[in-house]
Amino acid sequence: MLKSFIDAHVHLNTTSRAKMELALRHNAAFLSINTDIPDFDSIEKQEQIILELQALHPGRVLHITSFDNRYWNTDKWLTHVLRQINGGIDKGAVGVKMWKNIGMDKSLRDENGRFVMMDDERFDPIYKFLIEKNIILIGHQGEPRNCWLPLEEMTVNSDREYFAKHPEYHMYLHTEYPSYDEQMQARNNVLEKHKALKFVGLHLFSMEWNLHEVASLLDRFPNTMTDLAERVCHAQLQARNDHQKVRDFFMRYQDRIIYGTDVIDDGTLSDEELNDRFSDLWQRHWDFFATDKILTAPEFEGEFRGLSLPQEVLCKIFRDNAVNTYGFEKDIFNPLDKVTTK
């Protein structure tokens, strides 16, 4: 691995110390993303946990704040949301997240019963506020395209397993919901309308099925970045079939891609299990990006070769792009350096 790196997409929702001890051993840091998810604690509780971790390990954990929609369709909603955003930023958050519930939550509808999408004009004051305050918006819109396919047609096991366990988000079963294309178009409408908005399209913009589509968005919207959280396997799948195309993508967009795993620390795993999860993902992902080994992945059948990216590209994807986007202090890494001999 690099002598220092950042896992810039995790959800650290417990104060367990073991994960921080692991990060210190690896000279690593985390970006923890607070999210309005039904299975998570409230945004305020998530924030409290992060502030405790930050007090113990200054600079090793940055966080993203978010907002809920408890007052949707009332006069209180916008004031409440802006108060939550301001409160989070005042407590050190380095950005704001919009989650897939916008567009995929049947309780969020307009006066005519239509699903509320990201490009609903009622969100415009939020986008304008973020632009005015130079605050980054990170977005998880829609789901992998597999979400709109039957389980047996999905391309990777991780999606198949997730949507089997979460049928409420398996859109193939819910034809009354907005389509995949409508979800993507709503996001693009926002980026087109608010060109000055700094935006990180999480999970390869939910366009993980085709890196050419991701490239098109990065070209079209120069104020955007993307991250790899929970989507590395889709890049690996494409590398199985066209190694050079995938390597060319990461070479061309080396300044626009941020590494992250999307590991959720919610107390359901023991300290040992959680650290094993981190360690396994970090090593397998490093092997894919940094070596030319012949590899396999648990998400699909077949072999693929690692991309063997140059050292300077690895530094950008695994660390420097997160530093430049989210404001990590390079001083926390000692030494801030290259690649280990291991």
# chains A, B, ... in the order shown; residues from 1 in each chain; ligands from 1

call {"tool": "residues_around", "arguments": {"residues": "range 309-325 of chain A", "least_positions_apart": "4", "cutoff": "6 Å", "atoms": "only C-alpha atoms", "output": "list in words"}}
result
Phe5, Ile6, Gln254, Ile257, Ile258, Tyr259, Phe289 and Ala290 of chain A

call {"tool": "write_last_selection", "arguments": {"atoms": "N, CA, C and O atoms", "output": "CSV table (one decimal), in the first residue's frame"}}
result
chain,number,residue,atom,x,y,z
A,5,PHE,N,-2.7,6.9,3.1
A,5,PHE,CA,-3.9,6.9,2.1
A,5,PHE,C,-5.1,7.3,2.9
A,5,PHE,O,-5.1,7.4,4.1
A,6,ILE,N,-6.2,7.6,2.1
A,6,ILE,CA,-7.5,8.0,2.7
A,6,ILE,C,-8.6,7.1,2.2
A,6,ILE,O,-8.7,7.0,1.0
A,254,GLN,N,-7.3,10.7,-13.7
A,254,GLN,CA,-6.6,10.5,-12.4
A,254,GLN,C,-6.8,11.6,-11.4
A,254,GLN,O,-6.6,11.4,-10.2
A,257,ILE,N,-10.8,11.3,-9.5
A,257,ILE,CA,-11.3,10.0,-8.9
A,257,ILE,C,-10.8,9.9,-7.5
A,257,ILE,O,-9.6,10.1,-7.2
A,258,ILE,N,-11.7,9.6,-6.6
A,258,ILE,CA,-11.4,9.5,-5.1
A,258,ILE,C,-11.7,8.1,-4.6
A,258,ILE,O,-12.7,7.5,-4.9
A,259,TYR,N,-10.7,7.5,-3.9
A,259,TYR,CA,-10.9,6.2,-3.4
A,259,TYR,C,-11.7,6.2,-2.1
A,259,TYR,O,-11.7,7.1,-1.3
A,289,PHE,N,-5.4,-1.8,-8.5
A,289,PHE,CA,-4.9,-0.6,-9.1
A,289,PHE,C,-3.4,-0.5,-9.2
A,289,PHE,O,-2.9,0.2,-10.1
A,290,ALA,N,-2.6,-1.2,-8.4
A,290,ALA,CA,-1.2,-0.9,-8.3
A,290,ALA,C,-0.4,-2.0,-8.9
A,290,ALA,O,0.8,-1.8,-9.2

call {"tool": "closest_atom_pairs", "arguments": {"of": "range 20-39 of chain A", "to": "range 50-53 of chain A", "cutoff": "10 Å", "atoms": "only C-alpha atoms", "output": "CSV"}}
result
residue,atom,partner,partner_atom,distance
A:Met20,CA,A:Leu53,CA,8.3
A:Ser32,CA,A:Ile50,CA,7.7
A:Ile33,CA,A:Ile50,CA,9.6
A:Asn34,CA,A:Ile50,CA,9.0

call {"tool": "write_last_selection", "arguments": {"atoms": "N, CA, C and O atoms", "output": "short mmCIF file (atom, residue, chain, number, x, y, z; two decimals), in the first residue's frame"}}
result
data_model
loop_
_atom_site.label_atom_id
_atom_site.label_comp_id
_atom_site.auth_asym_id
_atom_site.auth_seq_id
_atom_site.Cartn_x
_atom_site.Cartn_y
_atom_site.Cartn_z
N MET A 20 -9.77 2.99 14.42
CA MET A 20 -8.82 4.09 14.42
C MET A 20 -7.40 3.60 14.66
O MET A 20 -6.45 4.12 14.08
N SER A 32 -15.93 10.19 6.91
CA SER A 32 -17.17 9.54 7.33
C SER A 32 -18.35 10.39 6.87
O SER A 32 -18.38 11.60 7.10
N ILE A 33 -19.31 9.72 6.24
CA ILE A 33 -20.41 10.43 5.58
C ILE A 33 -21.70 10.20 6.36
O ILE A 33 -22.24 9.10 6.39
N ASN A 34 -22.17 11.25 7.02
CA ASN A 34 -23.44 11.18 7.74
C ASN A 34 -24.59 11.23 6.75
O ASN A 34 -24.58 12.05 5.82
#

call {"tool": "closest_atom_pairs", "arguments": {"of": "range 106-210 of chain A", "to": "range 233-252 of chain A", "cutoff": "8 Å", "atoms": "only C-alpha atoms", "output": "tab-separated table"}}
result
residue	atom	partner	partner_atom	distance
A:Val156	CA	A:His234	CA	7.5
A:Glu208	CA	A:His234	CA	6.1
A:Trp209	CA	A:His234	CA	6.4
A:Asn210	CA	A:Gln238	CA	7.9

call {"tool": "write_last_selection", "arguments": {"atoms": "all heavy atoms", "output": "compact mmCIF listing (two decimals), in the first residue's frame"}}
result
# COMPACT_ATOMS: atom_id res chain seq x y z
N VAL A 156 -23.12 -8.34 -10.87
CA VAL A 156 -22.19 -8.64 -9.78
C VAL A 156 -22.97 -9.17 -8.58
O VAL A 156 -24.11 -8.77 -8.31
CB VAL A 156 -21.36 -7.41 -9.37
CG1 VAL A 156 -20.43 -6.98 -10.50
CG2 VAL A 156 -22.23 -6.25 -8.93
N GLU A 208 -21.81 3.12 -12.94
CA GLU A 208 -20.72 2.15 -12.78
C GLU A 208 -20.67 1.09 -13.87
O GLU A 208 -19.62 0.50 -14.12
CB GLU A 208 -20.85 1.46 -11.41
CG GLU A 208 -22.01 0.48 -11.28
CD GLU A 208 -23.39 1.09 -11.43
OE1 GLU A 208 -23.62 2.18 -10.88
OE2 GLU A 208 -24.23 0.47 -12.11
N TRP A 209 -21.78 0.87 -14.54
CA TRP A 209 -21.87 -0.19 -15.53
C TRP A 209 -21.05 0.11 -16.78
O TRP A 209 -20.72 -0.80 -17.55
CB TRP A 209 -23.33 -0.42 -15.92
CG TRP A 209 -24.00 0.80 -16.49
CD1 TRP A 209 -24.51 1.86 -15.80
CD2 TRP A 209 -24.21 1.09 -17.87
NE1 TRP A 209 -25.03 2.80 -16.66
CE2 TRP A 209 -24.86 2.34 -17.94
CE3 TRP A 209 -23.93 0.40 -19.06
CZ2 TRP A 209 -25.23 2.92 -19.14
CZ3 TRP A 209 -24.29 1.00 -20.27
CH2 TRP A 209 -24.93 2.24 -20.30
N ASN A 210 -20.68 1.40 -16.98
CA ASN A 210 -19.95 1.76 -18.19
C ASN A 210 -19.08 2.97 -17.89
O ASN A 210 -19.57 4.10 -17.76
CB ASN A 210 -20.93 2.07 -19.32
CG ASN A 210 -20.23 2.26 -20.66
OD1 ASN A 210 -19.08 2.64 -20.73
ND2 ASN A 210 -20.97 1.98 -21.73

call {"tool": "residues_around", "arguments": {"residues": "Asn27 in chain A", "least_positions_apart": "5", "cutoff": "8 Å", "atoms": "only C-alpha atoms", "output": "short mmCIF file (atom, residue, chain, number, x, y, z; two decimals) with C-alpha atoms, in the first residue's frame"}}
result
data_model
loop_
_atom_site.label_atom_id
_atom_site.label_comp_id
_atom_site.auth_asym_id
_atom_site.auth_seq_id
_atom_site.Cartn_x
_atom_site.Cartn_y
_atom_site.Cartn_z
CA LYS A 3 2.66 4.80 3.11
CA SER A 4 -0.39 7.01 3.61
CA PHE A 5 -3.88 6.93 2.13
CA PHE A 333 0.59 11.73 7.38
CA ASN A 334 4.14 10.95 8.43
#

call {"tool": "select_by_dssp", "arguments": {"residues": "range 96-269 of chain A", "states": "strand (DSSP E or B)", "output": "JSON, numbers by chain"}}
result
{"A": [96, 97, 98, 109, 115, 137, 138, 139, 199, 200, 201, 224, 225, 226, 227, 257, 258, 263, 264, 265]}

call {"tool": "write_last_selection", "arguments": {"atoms": "all heavy atoms", "output": "compact mmCIF listing (two decimals), in the first residue's frame"}}
result
# COMPACT_ATOMS: atom_id res chain seq x y z
N VAL A 96 -21.81 18.43 2.23
CA VAL A 96 -23.20 18.05 2.49
C VAL A 96 -23.56 16.92 1.55
O VAL A 96 -23.20 16.93 0.37
CB VAL A 96 -24.15 19.25 2.25
CG1 VAL A 96 -25.60 18.83 2.44
CG2 VAL A 96 -23.80 20.40 3.18
N LYS A 97 -24.31 15.94 2.08
CA LYS A 97 -24.72 14.81 1.25
C LYS A 97 -26.22 14.86 0.95
O LYS A 97 -27.04 15.14 1.81
CB LYS A 97 -24.41 13.49 1.94
CG LYS A 97 -24.88 12.28 1.11
CD LYS A 97 -24.38 10.98 1.63
CE LYS A 97 -24.81 9.84 0.71
NZ LYS A 97 -24.43 8.53 1.25
N MET A 98 -26.54 14.51 -0.32
CA MET A 98 -27.92 14.18 -0.70
C MET A 98 -27.95 12.70 -1.01
O MET A 98 -27.13 12.20 -1.79
CB MET A 98 -28.36 15.00 -1.92
CG MET A 98 -28.53 16.47 -1.63
SD MET A 98 -29.17 17.41 -3.06
CE MET A 98 -30.91 16.92 -3.05
N ARG A 109 -43.15 13.13 -2.05
CA ARG A 109 -43.90 13.38 -3.28
C ARG A 109 -44.35 14.83 -3.32
O ARG A 109 -44.41 15.51 -2.30
CB ARG A 109 -45.12 12.45 -3.36
CG ARG A 109 -44.76 10.96 -3.41
CD ARG A 109 -46.03 10.11 -3.40
NE ARG A 109 -45.75 8.69 -3.35
CZ ARG A 109 -45.88 7.85 -4.37
NH1 ARG A 109 -46.31 8.31 -5.54
NH2 ARG A 109 -45.63 6.57 -4.24
N PHE A 115 -43.15 11.47 -7.45
CA PHE A 115 -41.92 11.39 -6.68
C PHE A 115 -41.13 12.68 -6.82
O PHE A 115 -41.01 13.24 -7.91
CB PHE A 115 -41.06 10.22 -7.16
CG PHE A 115 -41.50 8.89 -6.63
CD1 PHE A 115 -42.57 8.21 -7.20
CD2 PHE A 115 -40.85 8.31 -5.55
CE1 PHE A 115 -42.98 6.98 -6.72
CE2 PHE A 115 -41.25 7.07 -5.06
CZ PHE A 115 -42.33 6.40 -5.65
N LEU A 137 -21.19 19.60 -2.42
CA LEU A 137 -22.31 18.67 -2.34
C LEU A 137 -21.84 17.33 -2.85
O LEU A 137 -21.23 17.23 -3.92
CB LEU A 137 -23.48 19.17 -3.19
CG LEU A 137 -24.72 18.26 -3.22
CD1 LEU A 137 -25.39 18.20 -1.86
CD2 LEU A 137 -25.70 18.72 -4.29
N ILE A 138 -22.11 16.27 -2.09
CA ILE A 138 -21.83 14.92 -2.58
C ILE A 138 -23.16 14.21 -2.73
O ILE A 138 -24.07 14.38 -1.94
CB ILE A 138 -20.86 14.15 -1.66
CG1 ILE A 138 -21.51 13.76 -0.35
CG2 ILE A 138 -19.60 14.98 -1.39
CD1 ILE A 138 -20.66 12.85 0.51
N GLY A 139 -23.28 13.42 -3.80
CA GLY A 139 -24.59 12.87 -4.12
C GLY A 139 -24.58 11.39 -4.44
O GLY A 139 -23.74 10.92 -5.21
N PHE A 199 -19.46 19.36 -6.93
CA PHE A 199 -20.25 18.14 -6.74
C PHE A 199 -19.36 16.91 -6.88
O PHE A 199 -18.54 16.82 -7.81
CB PHE A 199 -21.36 18.08 -7.78
CG PHE A 199 -22.30 16.92 -7.64
CD1 PHE A 199 -23.29 16.92 -6.67
CD2 PHE A 199 -22.18 15.80 -8.46
CE1 PHE A 199 -24.16 15.85 -6.53
CE2 PHE A 199 -23.04 14.72 -8.33
CZ PHE A 199 -24.04 14.75 -7.37
N VAL A 200 -19.51 15.97 -5.95
CA VAL A 200 -18.87 14.67 -6.05
C VAL A 200 -19.96 13.63 -6.30
O VAL A 200 -20.82 13.41 -5.45
CB VAL A 200 -18.09 14.31 -4.76
CG1 VAL A 200 -17.43 12.94 -4.91
CG2 VAL A 200 -17.04 15.37 -4.45
N GLY A 201 -19.93 13.04 -7.48
CA GLY A 201 -20.88 11.99 -7.81
C GLY A 201 -20.42 10.66 -7.23
O GLY A 201 -19.50 10.03 -7.77
N THR A 224 -17.02 18.67 -11.23
CA THR A 224 -17.37 17.45 -10.53
C THR A 224 -16.17 16.53 -10.33
O THR A 224 -15.18 16.59 -11.06
CB THR A 224 -18.45 16.66 -11.29
OG1 THR A 224 -17.92 16.22 -12.55
CG2 THR A 224 -19.69 17.50 -11.53
N MET A 225 -16.30 15.70 -9.30
CA MET A 225 -15.41 14.58 -9.05
C MET A 225 -16.29 13.33 -8.94
O MET A 225 -17.52 13.42 -8.94
CB MET A 225 -14.64 14.78 -7.74
CG MET A 225 -13.85 16.06 -7.64
SD MET A 225 -12.30 16.02 -8.56
CE MET A 225 -11.33 14.91 -7.55
N THR A 226 -15.66 12.16 -8.84
CA THR A 226 -16.42 10.95 -8.56
C THR A 226 -15.65 10.10 -7.57
O THR A 226 -14.45 10.30 -7.37
CB THR A 226 -16.73 10.17 -9.85
OG1 THR A 226 -17.69 9.15 -9.56
CG2 THR A 226 -15.47 9.53 -10.43
N ASP A 227 -16.35 9.18 -6.90
CA ASP A 227 -15.62 8.26 -6.03
C ASP A 227 -15.95 6.81 -6.40
O ASP A 227 -16.85 6.53 -7.20
CB ASP A 227 -15.85 8.58 -4.55
CG ASP A 227 -17.08 7.96 -3.89
OD1 ASP A 227 -17.83 7.20 -4.55
OD2 ASP A 227 -17.30 8.23 -2.70
N ILE A 257 -10.83 11.28 -9.51
CA ILE A 257 -11.33 10.04 -8.91
C ILE A 257 -10.81 9.92 -7.48
O ILE A 257 -9.62 10.12 -7.22
CB ILE A 257 -10.88 8.81 -9.73
CG1 ILE A 257 -11.40 8.91 -11.16
CG2 ILE A 257 -11.36 7.52 -9.07
CD1 ILE A 257 -10.74 7.93 -12.12
N ILE A 258 -11.71 9.58 -6.56
CA ILE A 258 -11.38 9.50 -5.14
C ILE A 258 -11.66 8.08 -4.63
O ILE A 258 -12.74 7.53 -4.87
CB ILE A 258 -12.21 10.51 -4.33
CG1 ILE A 258 -11.93 11.94 -4.82
CG2 ILE A 258 -11.93 10.40 -2.84
CD1 ILE A 258 -12.87 12.99 -4.24
N VAL A 263 -17.54 1.13 3.63
CA VAL A 263 -17.71 0.24 4.78
C VAL A 263 -18.58 0.93 5.82
O VAL A 263 -18.40 2.11 6.12
CB VAL A 263 -16.35 -0.15 5.39
CG1 VAL A 263 -16.54 -0.82 6.75
CG2 VAL A 263 -15.60 -1.08 4.44
N ILE A 264 -19.54 0.18 6.36
CA ILE A 264 -20.46 0.70 7.38
C ILE A 264 -20.08 0.10 8.73
O ILE A 264 -20.09 -1.12 8.92
CB ILE A 264 -21.92 0.35 7.04
CG1 ILE A 264 -22.32 1.02 5.72
CG2 ILE A 264 -22.85 0.81 8.16
CD1 ILE A 264 -23.70 0.61 5.22
N ASP A 265 -19.75 0.96 9.66
CA ASP A 265 -19.43 0.57 11.03
C ASP A 265 -20.62 0.94 11.91
O ASP A 265 -20.74 2.06 12.39
CB ASP A 265 -18.16 1.30 11.48
CG ASP A 265 -17.96 1.25 12.99
OD1 ASP A 265 -18.34 0.24 13.60
OD2 ASP A 265 -17.40 2.23 13.54
